[in-house]
Structures are given as structure tokens and as C-alpha cells.
Amino acid sequence: ENAARNGVSDRTSFYACDLTVDDSAVRRDDLYDVVVINIVADVIIMLLPKAREFLKPGGTLILSGIIDFRLDDVMDAVKANGITVKRVDKDDNWYSVIASL
């Protein structure tokens, strides 16, 4: 709906799957401009290597659902996976991180 509203549905594709269980819903031969992981810190940390597999060099990685006391853990894992943090946003006790390869 949002893609159609913004006039970009002809050049966007969206895939949703649980990468902790099965990534077959996502075409393995493609790299993506944007990868979003919106869940708790432990799962974000676990999925960072998989996110690297799917993200184009220079692509955008959006991580959200990070409670304040876990932000440092996520940031350490992001850096350990060779991902560059571009921006960190805060809303109450929750954080999101915008990063790229």
C-alpha cells in the first residue's frame, strides 16, 4: 500500500519471512537495497550475519525494536560484522539504527 501511495510500486519488491527458521521466501541470488530487522536485540544480533548476505554493498540496513539497555550490545555486534552505523534514533526507551555495508 505504501509503495503504491508513493508511486514506487512498479520498481519495488517486498519479502517477509522469518530468517531464523527459513530464508527460502527470499531469493538467494538477489542482493537488496534495504534490509529491515524489527525485533528484540538478541534476534537482531543473531541475524546480522544473514543480513550481510542479503544486503547490497552501500545498501541500507534498518534495525529497530532495540530497548535502551541493549543498544550497546547491538552496536558492538553491528561493528563486529563490518557494518557501518549511519544514524541512531531514539523514541522513549527504544532505538533504531540505520547502517550500511
# chains A, B, ... in the order shown; residues from 1 in each chain; ligands from 1
>>> select_by_dssp(residues="range 1-93 of chain A", states="strand (DSSP E or B)", output="PyMOL selection string")
chain A and resi 32-38+55-67+84-91
>>> residues_around(residues="range 1-3 of chain A", least_positions_apart="3", cutoff="12 Å", atoms="only C-alpha atoms", output="ChimeraX atom specification")
/A:6-14
>>> write_last_selection(atoms="C-alpha atoms", output="compact mmCIF listing (two decimals), in the first residue's frame")
# COMPACT_ATOMS: atom_id res chain seq x y z
CA ASN A 6 4.22 6.84 -3.06
CA GLY A 7 4.27 5.90 -6.74
CA VAL A 8 7.08 3.35 -6.48
CA SER A 9 5.24 0.02 -6.66
CA ASP A 10 6.49 -0.54 -10.21
CA ARG A 11 10.10 -0.66 -9.02
CA THR A 12 9.91 -2.16 -5.53
CA SER A 13 9.52 -5.65 -4.15
CA PHE A 14 8.84 -6.68 -0.58
>>> closest_residue(among="A:Leu48, A:Val21, A:Ile67, A:Val78", to="Ser96 in chain A", atoms="only C-alpha atoms")
A:Ile67
>>> closest_residue(among="A:Val97, A:Val35, A:Leu55, A:Leu61", to="Met75 in chain A", atoms="only C-alpha atoms")
A:Val97
>>> residues_around(residues="Asp76 in chain A", least_positions_apart="3", cutoff="12 Å", atoms="only C-alpha atoms", output="VMD selection string")
chain A and resid 41 44 to 45 48 70 to 73 79 to 85
>>> closest_residue(among="A:Glu53, A:Val43, A:Val34, A:Tyr95", to="Tyr15 in chain A", atoms="only C-alpha atoms")
A:Val34
>>> atom_distance(atom1="CA of Lys56 in chain A", atom2="CA of Trp94 in chain A")
26.8 Å
>>> residues_around(residues="Met46 in chain A", least_positions_apart="4", cutoff="9 Å", atoms="only C-alpha atoms", output="count of residues only")
5
>>> select_by_dssp(residues="range 2-101 of chain A", states="alpha helix (DSSP H)", output="list in words")
Asn2, Ala3, Ala4, Arg5, Ala41, Asp42, Val43, Ile44, Ile45, Met46, Leu47, Leu48, Pro49, Lys50, Ala51, Arg52, Glu53, Phe54, Leu71, Asp72, Asp73, Val74, Met75, Asp76, Ala77, Val78, Lys79 and Ala80 of chain A
>>> write_last_selection(atoms="C-alpha atoms", output="PDB file, in the first residue's frame")
ATOM      1  CA  ASN A   2       2.728   2.470   0.936  1.00  0.00           C
ATOM      2  CA  ALA A   3       4.664   1.766  -2.255  1.00  0.00           C
ATOM      3  CA  ALA A   4       1.538   2.386  -4.349  1.00  0.00           C
ATOM      4  CA  ARG A   5       0.726   5.557  -2.416  1.00  0.00           C
ATOM      5  CA  ALA A  41      18.164  -7.178  20.380  1.00  0.00           C
ATOM      6  CA  ASP A  42      19.140 -10.850  20.733  1.00  0.00           C
ATOM      7  CA  VAL A  43      17.488 -11.738  17.443  1.00  0.00           C
ATOM      8  CA  ILE A  44      18.921  -8.663  15.693  1.00  0.00           C
ATOM      9  CA  ILE A  45      22.404  -9.688  16.819  1.00  0.00           C
ATOM     10  CA  MET A  46      21.829 -13.266  15.648  1.00  0.00           C
ATOM     11  CA  LEU A  47      20.567 -12.104  12.223  1.00  0.00           C
ATOM     12  CA  LEU A  48      23.323  -9.602  11.420  1.00  0.00           C
ATOM     13  CA  PRO A  49      25.490 -12.119   9.516  1.00  0.00           C
ATOM     14  CA  LYS A  50      22.439 -13.164   7.476  1.00  0.00           C
ATOM     15  CA  ALA A  51      21.597  -9.502   6.790  1.00  0.00           C
ATOM     16  CA  ARG A  52      25.082  -9.102   5.292  1.00  0.00           C
ATOM     17  CA  GLU A  53      24.334 -11.974   2.885  1.00  0.00           C
ATOM     18  CA  PHE A  54      21.290 -10.167   1.501  1.00  0.00           C
ATOM     19  CA  LEU A  71      21.752  -0.595  22.425  1.00  0.00           C
ATOM     20  CA  ASP A  72      25.458  -1.047  23.225  1.00  0.00           C
ATOM     21  CA  ASP A  73      25.210  -4.800  22.584  1.00  0.00           C
ATOM     22  CA  VAL A  74      23.618  -4.226  19.196  1.00  0.00           C
ATOM     23  CA  MET A  75      26.119  -1.503  18.284  1.00  0.00           C
ATOM     24  CA  ASP A  76      29.042  -3.790  19.192  1.00  0.00           C
ATOM     25  CA  ALA A  77      27.586  -6.595  17.044  1.00  0.00           C
ATOM     26  CA  VAL A  78      26.967  -4.228  14.129  1.00  0.00           C
ATOM     27  CA  LYS A  79      30.597  -3.105  14.188  1.00  0.00           C
ATOM     28  CA  ALA A  80      31.874  -6.687  14.657  1.00  0.00           C
TER      29      ALA A  80
END
>>> atom_distance(atom1="CA of Cys17 in chain A", atom2="CA of Asn38 in chain A")
11.9 Å
>>> decode(residues="range 70-82 of chain A", atoms="N, CA, C and O atoms", output="mmCIF file, in the first residue's frame")
data_model
loop_
_atom_site.group_PDB
_atom_site.id
_atom_site.type_symbol
_atom_site.label_atom_id
_atom_site.label_comp_id
_atom_site.auth_asym_id
_atom_site.auth_seq_id
_atom_site.Cartn_x
_atom_site.Cartn_y
_atom_site.Cartn_z
ATOM 1 N N ARG A 70 19.989 -2.354 25.773
ATOM 2 C CA ARG A 70 20.619 -3.304 24.856
ATOM 3 C C ARG A 70 21.283 -2.630 23.660
ATOM 4 O O ARG A 70 21.885 -3.292 22.809
ATOM 5 N N LEU A 71 21.187 -1.302 23.579
ATOM 6 C CA LEU A 71 21.752 -0.595 22.425
ATOM 7 C C LEU A 71 23.240 -0.867 22.267
ATOM 8 O O LEU A 71 23.702 -1.135 21.154
ATOM 9 N N ASP A 72 24.016 -0.820 23.336
ATOM 10 C CA ASP A 72 25.458 -1.047 23.225
ATOM 11 C C ASP A 72 25.771 -2.440 22.679
ATOM 12 O O ASP A 72 26.695 -2.605 21.879
ATOM 13 N N ASP A 73 24.996 -3.439 23.090
ATOM 14 C CA ASP A 73 25.210 -4.800 22.584
ATOM 15 C C ASP A 73 24.985 -4.868 21.077
ATOM 16 O O ASP A 73 25.763 -5.484 20.350
ATOM 17 N N VAL A 74 23.916 -4.235 20.624
ATOM 18 C CA VAL A 74 23.618 -4.226 19.196
ATOM 19 C C VAL A 74 24.697 -3.453 18.436
ATOM 20 O O VAL A 74 25.186 -3.911 17.403
ATOM 21 N N MET A 75 25.095 -2.308 18.956
ATOM 22 C CA MET A 75 26.119 -1.503 18.284
ATOM 23 C C MET A 75 27.438 -2.275 18.177
ATOM 24 O O MET A 75 28.091 -2.243 17.135
ATOM 25 N N ASP A 76 27.817 -2.984 19.235
ATOM 26 C CA ASP A 76 29.042 -3.790 19.192
ATOM 27 C C ASP A 76 28.942 -4.876 18.124
ATOM 28 O O ASP A 76 29.891 -5.117 17.379
ATOM 29 N N ALA A 77 27.786 -5.531 18.034
ATOM 30 C CA ALA A 77 27.586 -6.595 17.044
ATOM 31 C C ALA A 77 27.578 -6.040 15.622
ATOM 32 O O ALA A 77 28.121 -6.661 14.701
ATOM 33 N N VAL A 78 26.983 -4.875 15.441
ATOM 34 C CA VAL A 78 26.967 -4.228 14.129
ATOM 35 C C VAL A 78 28.410 -3.991 13.666
ATOM 36 O O VAL A 78 28.797 -4.363 12.558
ATOM 37 N N LYS A 79 29.202 -3.403 14.535
ATOM 38 C CA LYS A 79 30.597 -3.105 14.188
ATOM 39 C C LYS A 79 31.397 -4.385 13.970
ATOM 40 O O LYS A 79 32.213 -4.463 13.047
ATOM 41 N N ALA A 80 31.163 -5.411 14.793
ATOM 42 C CA ALA A 80 31.874 -6.687 14.657
ATOM 43 C C ALA A 80 31.555 -7.374 13.332
ATOM 44 O O ALA A 80 32.355 -8.169 12.837
ATOM 45 N N ASN A 81 30.405 -7.068 12.759
ATOM 46 C CA ASN A 81 30.011 -7.643 11.468
ATOM 47 C C ASN A 81 30.415 -6.767 10.294
ATOM 48 O O ASN A 81 29.979 -7.002 9.165
ATOM 49 N N GLY A 82 31.236 -5.753 10.528
ATOM 50 C CA GLY A 82 31.737 -4.911 9.449
ATOM 51 C C GLY A 82 30.689 -4.006 8.843
ATOM 52 O O GLY A 82 30.783 -3.617 7.685
#
